[in-house]
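Here's data-v1.txt, which has compact mmCIF, C-alpha atoms (C1' of nucleotides):
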# COMPACT_ATOMS: atom_id res chain seq x y z
CA MET A 1 58.67 -80.24 6.48
CA ASN A 2 61.90 -78.39 6.54
CA SER A 3 60.91 -75.52 8.76
CA ILE A 4 62.69 -74.36 11.88
CA LYS A 5 62.80 -77.15 14.38
CA LYS A 6 63.60 -76.97 18.03
CA ARG A 7 67.13 -78.12 18.64
CA VAL A 8 67.67 -81.08 20.94
CA ILE A 9 71.23 -81.39 22.19
CA MET A 10 72.70 -83.97 24.55
CA HIS A 11 75.87 -83.71 26.57
CA ILE A 12 77.16 -87.11 27.58
CA ASP A 13 79.62 -87.55 30.39
CA PHE A 14 81.10 -90.87 31.53
CA ASP A 15 81.06 -91.26 35.31
CA TYR A 16 84.46 -91.30 37.10
CA PHE A 17 85.73 -92.69 33.84
CA TYR A 18 89.25 -94.01 34.47
CA ALA A 19 88.31 -95.55 37.80
CA GLN A 20 85.20 -97.08 36.26
CA CYS A 21 87.36 -98.64 33.54
CA GLU A 22 89.54 -100.18 36.21
CA GLU A 23 86.46 -101.60 37.93
CA LEU A 24 85.49 -103.19 34.63
CA ARG A 25 88.58 -105.31 34.29
CA ASN A 26 88.67 -106.24 37.94
CA THR A 27 85.17 -106.29 39.36
CA SER A 28 86.44 -107.37 42.76
CA ILE A 29 87.60 -103.79 43.48
CA LYS A 30 84.17 -102.31 42.80
CA ASP A 31 83.13 -102.06 46.44
CA LYS A 32 86.43 -100.53 47.55
CA PRO A 33 87.76 -97.01 47.14
CA VAL A 34 89.59 -96.95 43.77
CA VAL A 35 92.11 -94.21 43.03
CA VAL A 36 93.72 -93.89 39.61
CA CYS A 37 97.05 -92.10 39.92
CA VAL A 38 99.69 -90.37 37.80
CA TYR A 39 102.98 -91.22 39.46
CA SER A 40 105.91 -88.92 38.76
CA ALA A 41 109.51 -90.07 38.29
CA ARG A 42 110.42 -89.27 41.89
CA GLY A 43 109.16 -92.43 43.55
CA ASN A 44 107.82 -92.36 47.08
CA ASP A 45 104.26 -92.05 45.80
CA ALA A 46 104.96 -88.59 44.42
CA GLY A 47 102.24 -87.71 41.96
CA ALA A 48 98.62 -86.73 41.72
CA VAL A 49 95.20 -88.35 41.65
CA SER A 50 93.67 -88.52 38.21
CA THR A 51 90.25 -89.96 39.06
CA ALA A 52 88.65 -91.67 42.02
CA ASN A 53 85.47 -93.72 42.27
CA TYR A 54 82.63 -92.62 44.53
CA ASN A 55 83.74 -94.92 47.36
CA ALA A 56 86.98 -92.92 47.46
CA ARG A 57 85.27 -89.56 46.99
CA ARG A 58 83.31 -90.18 50.17
CA TYR A 59 86.62 -89.75 51.98
CA GLY A 60 87.25 -86.43 50.26
CA VAL A 61 89.56 -87.83 47.62
CA LYS A 62 89.36 -85.97 44.33
CA SER A 63 91.24 -85.43 41.13
CA GLY A 64 94.35 -83.28 41.29
CA MET A 65 95.05 -84.15 44.91
CA PRO A 66 98.56 -85.40 45.86
CA ILE A 67 98.62 -89.21 45.99
CA ARG A 68 100.10 -89.20 49.46
CA PHE A 69 97.28 -86.99 50.67
CA ALA A 70 94.76 -89.46 49.24
CA LYS A 71 96.60 -92.34 50.92
CA GLN A 72 96.41 -90.51 54.21
CA ARG A 73 92.69 -90.05 53.85
CA LEU A 74 92.14 -93.68 52.92
CA LYS A 75 94.61 -95.08 55.46
CA TYR A 76 92.11 -97.23 57.33
CA THR A 77 90.29 -98.54 54.26
CA ASN A 78 91.00 -101.30 51.76
CA ALA A 79 91.56 -98.70 49.03
CA ILE A 80 93.15 -99.68 45.71
CA PHE A 81 95.68 -97.34 44.07
CA LEU A 82 96.38 -97.91 40.38
CA PRO A 83 98.54 -96.15 37.76
CA VAL A 84 96.79 -94.61 34.74
CA ASP A 85 96.55 -96.80 31.64
CA HIS A 86 95.48 -94.50 28.84
CA ALA A 87 95.73 -97.13 26.10
CA TYR A 88 93.14 -99.23 27.90
CA TYR A 89 90.82 -96.31 28.64
CA ASP A 90 91.03 -95.16 25.01
CA GLU A 91 89.97 -98.59 23.84
CA ILE A 92 86.83 -98.45 25.98
CA SER A 93 86.21 -94.82 25.14
CA ASN A 94 86.34 -95.56 21.41
CA LYS A 95 83.79 -98.34 21.72
CA ALA A 96 81.48 -96.14 23.77
CA MET A 97 81.81 -93.20 21.37
CA GLU A 98 80.96 -95.49 18.46
CA ILE A 99 77.72 -96.49 20.15
CA ILE A 100 76.84 -92.89 20.98
CA ARG A 101 77.65 -91.75 17.46
CA SER A 102 75.27 -94.34 16.05
CA PHE A 103 72.35 -92.53 17.72
CA ALA A 104 73.39 -89.03 16.67
CA ASP A 105 72.48 -86.72 13.81
CA LYS A 106 75.70 -84.92 14.62
CA PHE A 107 78.44 -86.03 16.98
CA GLU A 108 81.15 -83.95 18.65
CA TYR A 109 83.99 -85.63 20.50
CA VAL A 110 85.15 -83.52 23.43
CA GLY A 111 87.48 -85.87 25.25
CA ASP A 112 87.98 -89.43 26.45
CA ASP A 113 84.85 -89.25 28.54
CA GLU A 114 82.72 -86.52 27.01
CA ALA A 115 80.70 -85.85 23.87
CA TYR A 116 77.90 -83.69 22.51
CA ILE A 117 75.29 -85.01 20.13
CA ASP A 118 72.62 -83.23 18.15
CA VAL A 119 69.46 -85.34 17.96
CA SER A 120 67.04 -82.71 16.69
CA ASN A 121 66.05 -84.74 13.63
CA THR A 122 65.94 -88.12 15.33
CA THR A 123 63.62 -86.76 18.02
CA ASN A 124 61.84 -84.31 15.74
CA GLY A 125 62.42 -81.69 18.41
CA ASP A 126 60.38 -83.63 20.94
CA PHE A 127 61.90 -83.72 24.43
CA ASP A 128 59.82 -86.70 25.52
CA LYS A 129 61.28 -88.66 22.64
CA ALA A 130 64.66 -87.31 23.66
CA ARG A 131 64.21 -88.74 27.14
CA GLU A 132 63.45 -92.16 25.67
CA LEU A 133 66.47 -91.89 23.41
CA ALA A 134 68.74 -90.89 26.28
CA LEU A 135 67.55 -93.91 28.25
CA ILE A 136 68.19 -96.14 25.25
CA ILE A 137 71.73 -94.77 24.96
CA LYS A 138 72.36 -95.24 28.66
CA ASN A 139 71.02 -98.80 28.50
CA GLU A 140 73.01 -99.66 25.42
CA ILE A 141 76.25 -98.39 26.93
CA ARG A 142 75.47 -100.36 30.05
CA ARG A 143 74.46 -103.52 28.18
CA VAL A 144 77.46 -103.61 25.83
CA LEU A 145 80.20 -102.06 27.94
CA HIS A 146 78.83 -102.28 31.52
CA LEU A 147 79.55 -98.59 31.85
CA SER A 148 77.48 -95.92 33.57
CA ILE A 149 77.14 -92.45 32.09
CA SER A 150 75.32 -89.20 32.82
CA ILE A 151 73.35 -87.31 30.19
CA GLY A 152 72.04 -83.79 30.01
CA VAL A 153 69.36 -83.00 27.41
CA ALA A 154 68.62 -79.39 26.51
CA PRO A 155 67.96 -77.00 23.63
CA ASN A 156 71.64 -76.09 23.36
CA LYS A 157 75.19 -77.06 24.35
CA LEU A 158 75.48 -74.55 27.18
CA ILE A 159 72.47 -75.92 29.06
CA ALA A 160 73.12 -79.57 28.12
CA LYS A 161 76.58 -79.34 29.69
CA ILE A 162 75.20 -77.91 32.93
CA ALA A 163 72.43 -80.55 32.90
CA SER A 164 74.77 -83.54 32.53
CA GLY A 165 76.58 -82.51 35.69
CA TYR A 166 73.36 -81.78 37.58
CA GLN A 167 72.83 -85.33 38.73
CA LYS A 168 75.71 -87.78 38.82
CA PRO A 169 76.58 -90.60 38.63
CA ASP A 170 74.20 -92.45 36.32
CA GLY A 171 72.18 -89.27 35.88
CA LEU A 172 69.68 -88.07 33.33
CA THR A 173 68.54 -84.46 33.42
CA ILE A 174 66.13 -83.10 30.85
CA VAL A 175 65.71 -79.36 30.50
CA LYS A 176 62.93 -78.46 28.08
CA PRO A 177 63.05 -75.05 26.38
CA SER A 178 60.34 -73.73 28.69
CA GLU A 179 62.29 -74.89 31.75
CA VAL A 180 65.68 -73.42 30.86
CA ASN A 181 65.32 -70.14 32.70
CA ASN A 182 64.09 -71.70 35.93
CA PHE A 183 66.80 -74.35 35.72
CA ILE A 184 69.64 -71.84 35.70
CA ALA A 185 68.07 -68.92 37.59
CA ASP A 186 69.50 -69.65 41.03
CA MET A 187 72.84 -71.05 39.89
CA ASN A 188 75.99 -69.05 40.45
CA VAL A 189 77.19 -67.14 37.40
CA ASP A 190 80.25 -69.36 37.06
CA ALA A 191 78.02 -72.29 36.10
CA ILE A 192 78.18 -70.65 32.68
CA VAL A 193 81.13 -71.84 30.60
CA GLY A 194 83.20 -68.77 29.95
CA ILE A 195 82.73 -67.17 33.33
CA GLY A 196 85.91 -67.74 35.27
CA LYS A 197 87.29 -66.33 38.48
CA LYS A 198 87.97 -62.82 37.20
CA THR A 199 84.62 -62.32 35.55
CA ARG A 200 82.86 -63.78 38.58
CA GLU A 201 84.70 -61.37 40.88
CA ARG A 202 83.92 -58.39 38.70
CA LEU A 203 80.27 -59.40 38.74
CA ILE A 204 80.31 -59.78 42.52
CA GLU A 205 81.60 -56.21 42.72
CA MET A 206 78.52 -55.25 40.74
CA ASN A 207 76.54 -57.23 43.36
CA ILE A 208 75.71 -60.01 40.93
CA ARG A 209 76.06 -63.61 42.03
CA THR A 210 73.35 -65.67 40.38
CA ILE A 211 72.40 -66.09 36.77
CA LYS A 212 69.00 -64.49 37.29
CA GLU A 213 70.72 -61.41 38.69
CA LEU A 214 73.01 -61.35 35.67
CA ALA A 215 69.99 -61.56 33.39
CA LYS A 216 68.68 -58.29 34.81
CA LEU A 217 71.53 -56.31 33.26
CA ASP A 218 70.93 -54.82 29.86
CA VAL A 219 73.22 -55.62 27.00
CA TYR A 220 74.71 -52.12 26.82
CA THR A 221 75.86 -52.22 30.41
CA LEU A 222 77.43 -55.62 29.80
CA MET A 223 79.16 -54.56 26.59
CA ASN A 224 80.43 -51.46 28.32
CA GLU A 225 81.84 -53.47 31.18
CA PHE A 226 83.19 -56.55 29.40
CA GLY A 227 83.60 -55.49 25.79
CA ARG A 228 81.27 -56.08 22.88
CA LYS A 229 81.86 -59.78 22.29
CA ASN A 230 81.91 -60.87 25.93
CA GLY A 231 79.03 -58.58 26.80
CA ILE A 232 76.78 -60.13 24.19
CA TYR A 233 77.87 -63.59 25.30
CA LEU A 234 76.99 -62.86 28.94
CA TYR A 235 73.68 -61.33 27.93
CA ASN A 236 72.67 -64.38 25.90
CA SER A 237 73.98 -67.11 28.16
CA SER A 238 72.32 -65.64 31.26
CA ARG A 239 69.07 -66.18 29.34
CA GLY A 240 70.04 -69.73 28.48
CA ILE A 241 70.62 -68.74 24.87
CA ASP A 242 73.46 -70.44 23.00
CA GLU A 243 73.64 -70.99 19.25
CA GLU A 244 76.87 -73.02 19.15
CA GLU A 245 76.54 -75.92 16.75
CA VAL A 246 77.56 -79.47 17.53
CA LYS A 247 80.71 -79.74 15.44
CA GLU A 248 81.52 -83.05 13.78
CA GLU A 249 85.14 -82.13 13.35
CA GLN A 250 86.74 -80.23 16.14
CA THR A 251 90.34 -79.41 15.47
CA VAL A 252 93.27 -79.94 17.76
CA THR A 253 94.85 -76.66 18.75
CA GLN A 254 97.93 -77.70 20.68
CA PHE A 255 100.19 -80.55 21.70
CA SER A 256 102.30 -80.54 24.82
CA LYS A 257 104.62 -82.76 26.79
CA ILE A 258 105.58 -82.18 30.40
CA ILE A 259 107.60 -84.18 32.93
CA THR A 260 108.56 -83.93 36.56
CA LEU A 261 112.34 -83.71 36.91
CA LYS A 262 114.00 -86.46 38.93
CA GLU A 263 115.09 -83.75 41.32
CA ASP A 264 114.72 -79.97 41.54
CA LYS A 265 117.18 -78.02 39.37
CA ASN A 266 118.10 -74.36 39.11
CA ASP A 267 120.76 -74.72 36.42
CA ILE A 268 119.76 -74.98 32.79
CA ASN A 269 122.80 -77.12 32.03
CA TYR A 270 121.27 -79.91 34.07
CA MET A 271 117.95 -79.54 32.26
CA ILE A 272 119.17 -79.81 28.69
CA ASN A 273 118.82 -83.59 28.54
CA ASP A 274 115.25 -83.33 29.71
CA LEU A 275 114.54 -80.55 27.24
CA ASN A 276 116.02 -82.64 24.45
CA TYR A 277 113.87 -85.60 25.48
CA LEU A 278 110.72 -83.47 25.61
CA THR A 279 111.22 -81.83 22.23
CA ASN A 280 112.05 -85.18 20.60
CA GLU A 281 108.94 -86.79 22.03
CA LEU A 282 106.77 -83.82 21.15
CA HIS A 283 108.16 -83.77 17.65
CA LYS A 284 107.16 -87.42 17.19
CA ILE A 285 103.62 -86.56 18.26
CA ILE A 286 103.47 -83.62 15.84
CA VAL A 287 104.75 -85.69 12.91
CA ASN A 288 102.61 -88.73 13.68
CA ASN A 289 99.51 -86.55 13.64
CA GLY A 290 100.56 -84.79 10.45
CA TYR A 291 100.87 -81.23 11.71
CA SER A 292 103.17 -78.25 11.51
CA PHE A 293 103.32 -75.57 14.17
CA ARG A 294 103.63 -71.79 14.30
CA ASN A 295 104.04 -71.30 18.03
CA VAL A 296 106.39 -72.91 20.54
CA GLY A 297 106.13 -72.58 24.31
CA VAL A 298 108.05 -73.68 27.38
CA ILE A 299 106.38 -74.21 30.76
CA VAL A 300 108.22 -74.52 34.04
CA VAL A 301 106.70 -75.46 37.39
CA LEU A 302 108.83 -74.21 40.27
CA ASN A 303 109.38 -76.05 43.53
CA ASP A 304 106.77 -73.83 45.18
CA LEU A 305 104.37 -74.95 42.39
CA ASN A 306 104.24 -71.52 40.84
CA ILE A 307 104.25 -71.58 37.07
CA ARG A 308 106.30 -69.68 34.54
CA SER A 309 105.81 -69.88 30.83
CA LYS A 310 107.17 -68.28 27.68
CA SER A 311 106.03 -68.75 24.14
CA LYS A 312 106.99 -67.49 20.74
CA SER A 313 105.18 -67.22 17.44
CA LEU A 314 107.23 -68.09 14.37
CA LYS A 315 107.50 -66.02 11.21
CA ARG A 316 106.62 -69.12 9.23
CA ILE A 317 105.25 -72.51 10.05
CA SER A 318 107.67 -75.32 10.78
CA ASN A 319 107.67 -79.01 11.48
CA SER A 320 111.36 -79.37 12.17
CA ASN A 321 112.75 -80.92 15.31
CA GLU A 322 115.72 -78.53 15.21
CA ASP A 323 113.49 -75.46 15.18
CA LEU A 324 111.48 -76.91 18.03
CA TYR A 325 114.54 -77.61 20.14
CA ASN A 326 116.33 -74.34 19.40
CA ILE A 327 113.34 -72.15 20.10
CA ALA A 328 112.48 -74.09 23.24
CA LYS A 329 116.07 -73.73 24.43
CA THR A 330 116.02 -69.98 23.92
CA LEU A 331 112.74 -69.69 25.81
CA LEU A 332 114.06 -71.86 28.63
CA GLU A 333 117.22 -69.72 28.90
CA ASP A 334 115.00 -66.71 29.26
CA ILE A 335 112.92 -68.35 32.00
CA MET A 336 116.04 -69.60 33.83
CA SER A 337 117.93 -66.30 33.73
CA ASP A 338 117.35 -65.67 37.43
CA LYS A 339 117.88 -69.32 38.39
CA PRO A 340 114.53 -70.31 39.84
CA ILE A 341 114.28 -73.78 41.38
CA VAL A 342 112.45 -75.97 38.91
CA ARG A 343 110.35 -79.04 39.65
CA ARG A 344 108.67 -79.73 36.31
CA LEU A 345 109.49 -78.88 32.72
CA GLY A 346 107.19 -78.85 29.69
CA VAL A 347 107.17 -77.93 26.01
CA LYS A 348 104.16 -77.16 23.85
CA VAL A 349 103.36 -76.27 20.27
CA SER A 350 100.24 -74.47 19.11
CA GLU A 351 98.78 -72.66 16.12
CA LEU A 352 98.85 -76.02 14.42
CA VAL A 353 98.45 -76.48 10.70
CA SER A 354 97.54 -79.85 9.26
CA SER A 355 100.28 -80.69 6.77
CA LYS A 356 97.71 -82.16 4.39
CA GLY A 357 95.24 -79.36 5.02
CA GLN A 358 93.96 -77.34 2.10
CA ASP A 359 91.96 -74.43 3.43
CA THR A 360 94.16 -74.02 6.47
CA LEU A 361 97.17 -73.33 4.27
CA LEU A 362 95.70 -70.23 2.66
CA LYS A 363 95.58 -68.15 5.77
CA PHE A 364 99.29 -68.62 6.36
CA ILE A 365 100.35 -67.34 2.99
CA ARG A 366 101.15 -63.68 3.41
C1' DG B 1 88.86 -45.91 22.69
C1' DT B 2 88.08 -50.31 20.61
C1' DA B 3 89.04 -54.37 18.14
C1' DT B 4 92.20 -57.80 17.25
C1' DG B 5 95.76 -60.91 17.89
C1' DC B 6 99.50 -62.58 20.65
C1' DT B 7 101.34 -64.17 25.30
C1' DT B 8 100.66 -65.87 29.88
C1' DT B 9 97.95 -67.90 33.38
C1' DC B 10 94.05 -70.57 35.00
C1' DG B 11 91.32 -74.46 35.72
C1' DG B 12 88.93 -79.05 34.57
C1' DC B 13 89.55 -83.76 34.26
C1' DT C 1 103.04 -82.14 59.28
C1' DT C 2 103.67 -82.46 54.64
C1' DA C 3 102.33 -84.31 50.73
C1' DC C 4 101.63 -82.25 44.11
C1' DG C 5 100.58 -85.05 36.92
C1' DG C 6 100.06 -84.43 32.40
C1' DC C 7 97.42 -83.04 29.38
C1' DC C 8 94.00 -79.85 27.12
C1' DG C 9 91.20 -75.57 26.00
C1' DA C 10 89.58 -71.31 28.02
C1' DA C 11 90.31 -67.01 30.37
C1' DA C 12 92.97 -63.15 31.36
C1' DG C 13 96.48 -59.90 30.37
C1' DC C 14 98.98 -57.24 27.21
C1' DA C 15 100.53 -55.03 22.76
C1' DT C 16 99.52 -53.11 18.57
C1' DA C 17 96.96 -50.97 14.94
C1' DC C 18 93.43 -48.29 13.49
Could you render the structure as structure tokens?
Amino acid sequence: MNSIKKRVIMHIDFDYFYAQCEELRNTSIKDKPVVVCVYSARGNDAGAVSTANYNARRYGVKSGMPIRFAKQRLKYTNAIFLPVDHAYYDEISNKAMEIIRSFADKFEYVGDDEAYIDVSNTTNGDFDKARELALIIKNEIRRVLHLSISIGVAPNKLIAKIASGYQKPDGLTIVKPSEVNNFIADMNVDAIVGIGKKTRERLIEMNIRTIKELAKLDVYTLMNEFGRKNGIYLYNSSRGIDEEEVKEEQTVTQFSKIITLKEDKNDINYMINDLNYLTNELHKIIVNNGYSFRNVGVIVVLNDLNIRSKSKSLKRISNSNEDLYNIAKTLLEDIMSDKPIVRRLGVKVSELVSSKGQDTLLKFIR
DNA sequence: GTATGCTTTCGGC
DNA sequence: TTACGGCCGAAAGCATAC
């Protein structure tokens, strides 16, 4: 029968992924706090924490934290600090994704440690079968790769994503269609992807904090307050409704490259070498992936960690290194006109067009 | 006024 | 006491056109 079938969507999330990878190749560190770090060029342990295992998290260590802060917190432990090794993590990620894909009707890669799969056909819309399948996937990933993952199973991507984070690590949370509304009712509105700080604050002003409170508003009020598109989105998602498909091919939208300067600079003349390096490296990435770009941006992080950015859309697409450098230089001159003290410098390109692409080309012919 | 698209900032991992 | 990456996509802010 080809009638309408209940959708069964899984969101799969690898637990503390980078740190877990490190535990894999050196099992002796497993019982210690493990902190995977991105060290900057400044030495002295300058840099930030990328991921930490749960032994480290118990001490309040979390991603984004300065490395030296993490060291302070773990001073009296036998903690292990390691530099990120993306090549190695990618290798493991690829193997894991291959296994997950083999169980999926449709597979969507989200990142190194995250994927959605649609298993509506495989499970015939049956959430009990879905639970068995999720356990099989977890077991298979554990058997082959010795890796633990968390899975959320739900009727759509929105709820599956919330469910995978509901119990971690090594979690499995099933939310059947009839359970969706109870599952989200008491959560804060920002559990919904798409509700950020501003929207949350505007809702708080309307005396709305939880999803069930949000669901009491009618769609006209929401459209009036947040615009047509956002209003409808809020109306639906507060009811656990989300029609987004699991997309086999999700397209890259930007590439960027950012570095921490060896020392703070407030003079563009001392930043030109770095800018040249960044645009050259970024250009290699663009070319290697077979893209052209229509937007160039420059990002600067000041010594007080405030951020400034400028970007520019091009009249026509380009893939030239000269264009990239010249535009980036102009943007940087603009940013540096009042001589702020700069700590980090980055360049990005967006509005990408695959050079081999067919359909994508059409919309750029004017 | 609203919808759309472009620019800038935010936030997760 | 302080301490601070490198990416990405999403959200927010703003400009422009009807």
Report task. Would you kindly report the residues of chain C within 8 Å of chain A, using only C-alpha atoms (C1' of nucleotides), as a PyMOL selection string? Result -> chain C and resi 3-8+10-12
Dump as a compact mmCIF listing (two decimals), keeping the file's coordinate frame, selection limited to C-alpha atoms (C1' of nucleotides):
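Ended up saving to result.txt:
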# COMPACT_ATOMS: atom_id res chain seq x y z
C1' DA C 3 102.33 -84.31 50.73
C1' DC C 4 101.63 -82.25 44.11
C1' DG C 5 100.58 -85.05 36.92
C1' DG C 6 100.06 -84.43 32.40
C1' DC C 7 97.42 -83.04 29.38
C1' DC C 8 94.00 -79.85 27.12
C1' DA C 10 89.58 -71.31 28.02
C1' DA C 11 90.31 -67.01 30.37
C1' DA C 12 92.97 -63.15 31.36
inquiry  = Set the cut-off to 9 Å and count only C-alpha atoms (C1' of nucleotides): what are the residues of chain A that reach chain B? Output as number ranges by chain.
reply    = A: 50-51, 63-64, 196-197, 227, 307-313
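Atom pair atom CA of Pro340 of chain A / atom C1' of DT2 of chain C: separated by 22.0 Å.
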Pairwise distance, atom CA of Pro169 of chain A with atom CA of Asp113 of chain A, equals 13.1 Å
note - atom CA of Ile184 of chain A and atom CA of Tyr116 of chain A are separated by 19.6 Å
Assuming the input is short of atoms at segment 255-269 of chain A, produce N, CA, C and O atoms for that part as a PDB file, in the coordinates of the input.
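Listed below is the output, selection-v6.pdb:
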ATOM      1  N   PHE A 255      99.641 -79.335  21.116  1.00  0.00           N
ATOM      2  CA  PHE A 255     100.190 -80.550  21.700  1.00  0.00           C
ATOM      3  C   PHE A 255     101.208 -80.130  22.743  1.00  0.00           C
ATOM      4  O   PHE A 255     101.930 -79.150  22.552  1.00  0.00           O
ATOM      5  N   SER A 256     101.287 -80.873  23.831  1.00  0.00           N
ATOM      6  CA  SER A 256     102.300 -80.540  24.820  1.00  0.00           C
ATOM      7  C   SER A 256     102.828 -81.797  25.484  1.00  0.00           C
ATOM      8  O   SER A 256     102.206 -82.867  25.427  1.00  0.00           O
ATOM      9  N   LYS A 257     103.988 -81.655  26.089  1.00  0.00           N
ATOM     10  CA  LYS A 257     104.620 -82.760  26.790  1.00  0.00           C
ATOM     11  C   LYS A 257     105.302 -82.176  28.016  1.00  0.00           C
ATOM     12  O   LYS A 257     106.061 -81.224  27.912  1.00  0.00           O
ATOM     13  N   ILE A 258     104.995 -82.711  29.169  1.00  0.00           N
ATOM     14  CA  ILE A 258     105.580 -82.180  30.400  1.00  0.00           C
ATOM     15  C   ILE A 258     106.012 -83.330  31.300  1.00  0.00           C
ATOM     16  O   ILE A 258     105.363 -84.377  31.327  1.00  0.00           O
ATOM     17  N   ILE A 259     107.133 -83.152  31.993  1.00  0.00           N
ATOM     18  CA  ILE A 259     107.600 -84.180  32.930  1.00  0.00           C
ATOM     19  C   ILE A 259     108.003 -83.530  34.258  1.00  0.00           C
ATOM     20  O   ILE A 259     108.286 -82.329  34.317  1.00  0.00           O
ATOM     21  N   THR A 260     108.012 -84.352  35.272  1.00  0.00           N
ATOM     22  CA  THR A 260     108.560 -83.930  36.560  1.00  0.00           C
ATOM     23  C   THR A 260     110.025 -84.349  36.593  1.00  0.00           C
ATOM     24  O   THR A 260     110.349 -85.508  36.333  1.00  0.00           O
ATOM     25  N   LEU A 261     110.904 -83.404  36.871  1.00  0.00           N
ATOM     26  CA  LEU A 261     112.340 -83.710  36.910  1.00  0.00           C
ATOM     27  C   LEU A 261     112.635 -84.669  38.063  1.00  0.00           C
ATOM     28  O   LEU A 261     111.941 -84.650  39.078  1.00  0.00           O
ATOM     29  N   LYS A 262     113.659 -85.489  37.880  1.00  0.00           N
ATOM     30  CA  LYS A 262     114.000 -86.460  38.930  1.00  0.00           C
ATOM     31  C   LYS A 262     114.276 -85.736  40.246  1.00  0.00           C
ATOM     32  O   LYS A 262     113.935 -86.212  41.322  1.00  0.00           O
ATOM     33  N   GLU A 263     114.916 -84.581  40.131  1.00  0.00           N
ATOM     34  CA  GLU A 263     115.090 -83.750  41.320  1.00  0.00           C
ATOM     35  C   GLU A 263     115.046 -82.277  40.894  1.00  0.00           C
ATOM     36  O   GLU A 263     115.231 -81.961  39.723  1.00  0.00           O
ATOM     37  N   ASP A 264     114.802 -81.401  41.858  1.00  0.00           N
ATOM     38  CA  ASP A 264     114.720 -79.970  41.540  1.00  0.00           C
ATOM     39  C   ASP A 264     116.050 -79.471  40.986  1.00  0.00           C
ATOM     40  O   ASP A 264     117.116 -79.884  41.434  1.00  0.00           O
ATOM     41  N   LYS A 265     115.969 -78.559  40.005  1.00  0.00           N
ATOM     42  CA  LYS A 265     117.180 -78.020  39.370  1.00  0.00           C
ATOM     43  C   LYS A 265     117.030 -76.502  39.240  1.00  0.00           C
ATOM     44  O   LYS A 265     115.931 -76.012  38.986  1.00  0.00           O
ATOM     45  N   ASN A 266     118.156 -75.796  39.383  1.00  0.00           N
ATOM     46  CA  ASN A 266     118.100 -74.360  39.110  1.00  0.00           C
ATOM     47  C   ASN A 266     119.132 -73.952  38.061  1.00  0.00           C
ATOM     48  O   ASN A 266     119.372 -72.785  37.849  1.00  0.00           O
ATOM     49  N   ASP A 267     119.724 -74.975  37.416  1.00  0.00           N
ATOM     50  CA  ASP A 267     120.760 -74.720  36.420  1.00  0.00           C
ATOM     51  C   ASP A 267     120.345 -75.348  35.099  1.00  0.00           C
ATOM     52  O   ASP A 267     120.129 -76.557  35.014  1.00  0.00           O
ATOM     53  N   ILE A 268     120.261 -74.497  34.076  1.00  0.00           N
ATOM     54  CA  ILE A 268     119.760 -74.980  32.790  1.00  0.00           C
ATOM     55  C   ILE A 268     120.633 -76.093  32.220  1.00  0.00           C
ATOM     56  O   ILE A 268     120.152 -76.975  31.513  1.00  0.00           O
ATOM     57  N   ASN A 269     121.904 -76.083  32.559  1.00  0.00           N
ATOM     58  CA  ASN A 269     122.800 -77.120  32.030  1.00  0.00           C
ATOM     59  C   ASN A 269     122.364 -78.517  32.441  1.00  0.00           C
ATOM     60  O   ASN A 269     122.607 -79.488  31.728  1.00  0.00           O
TER      61      ASN A 269
END
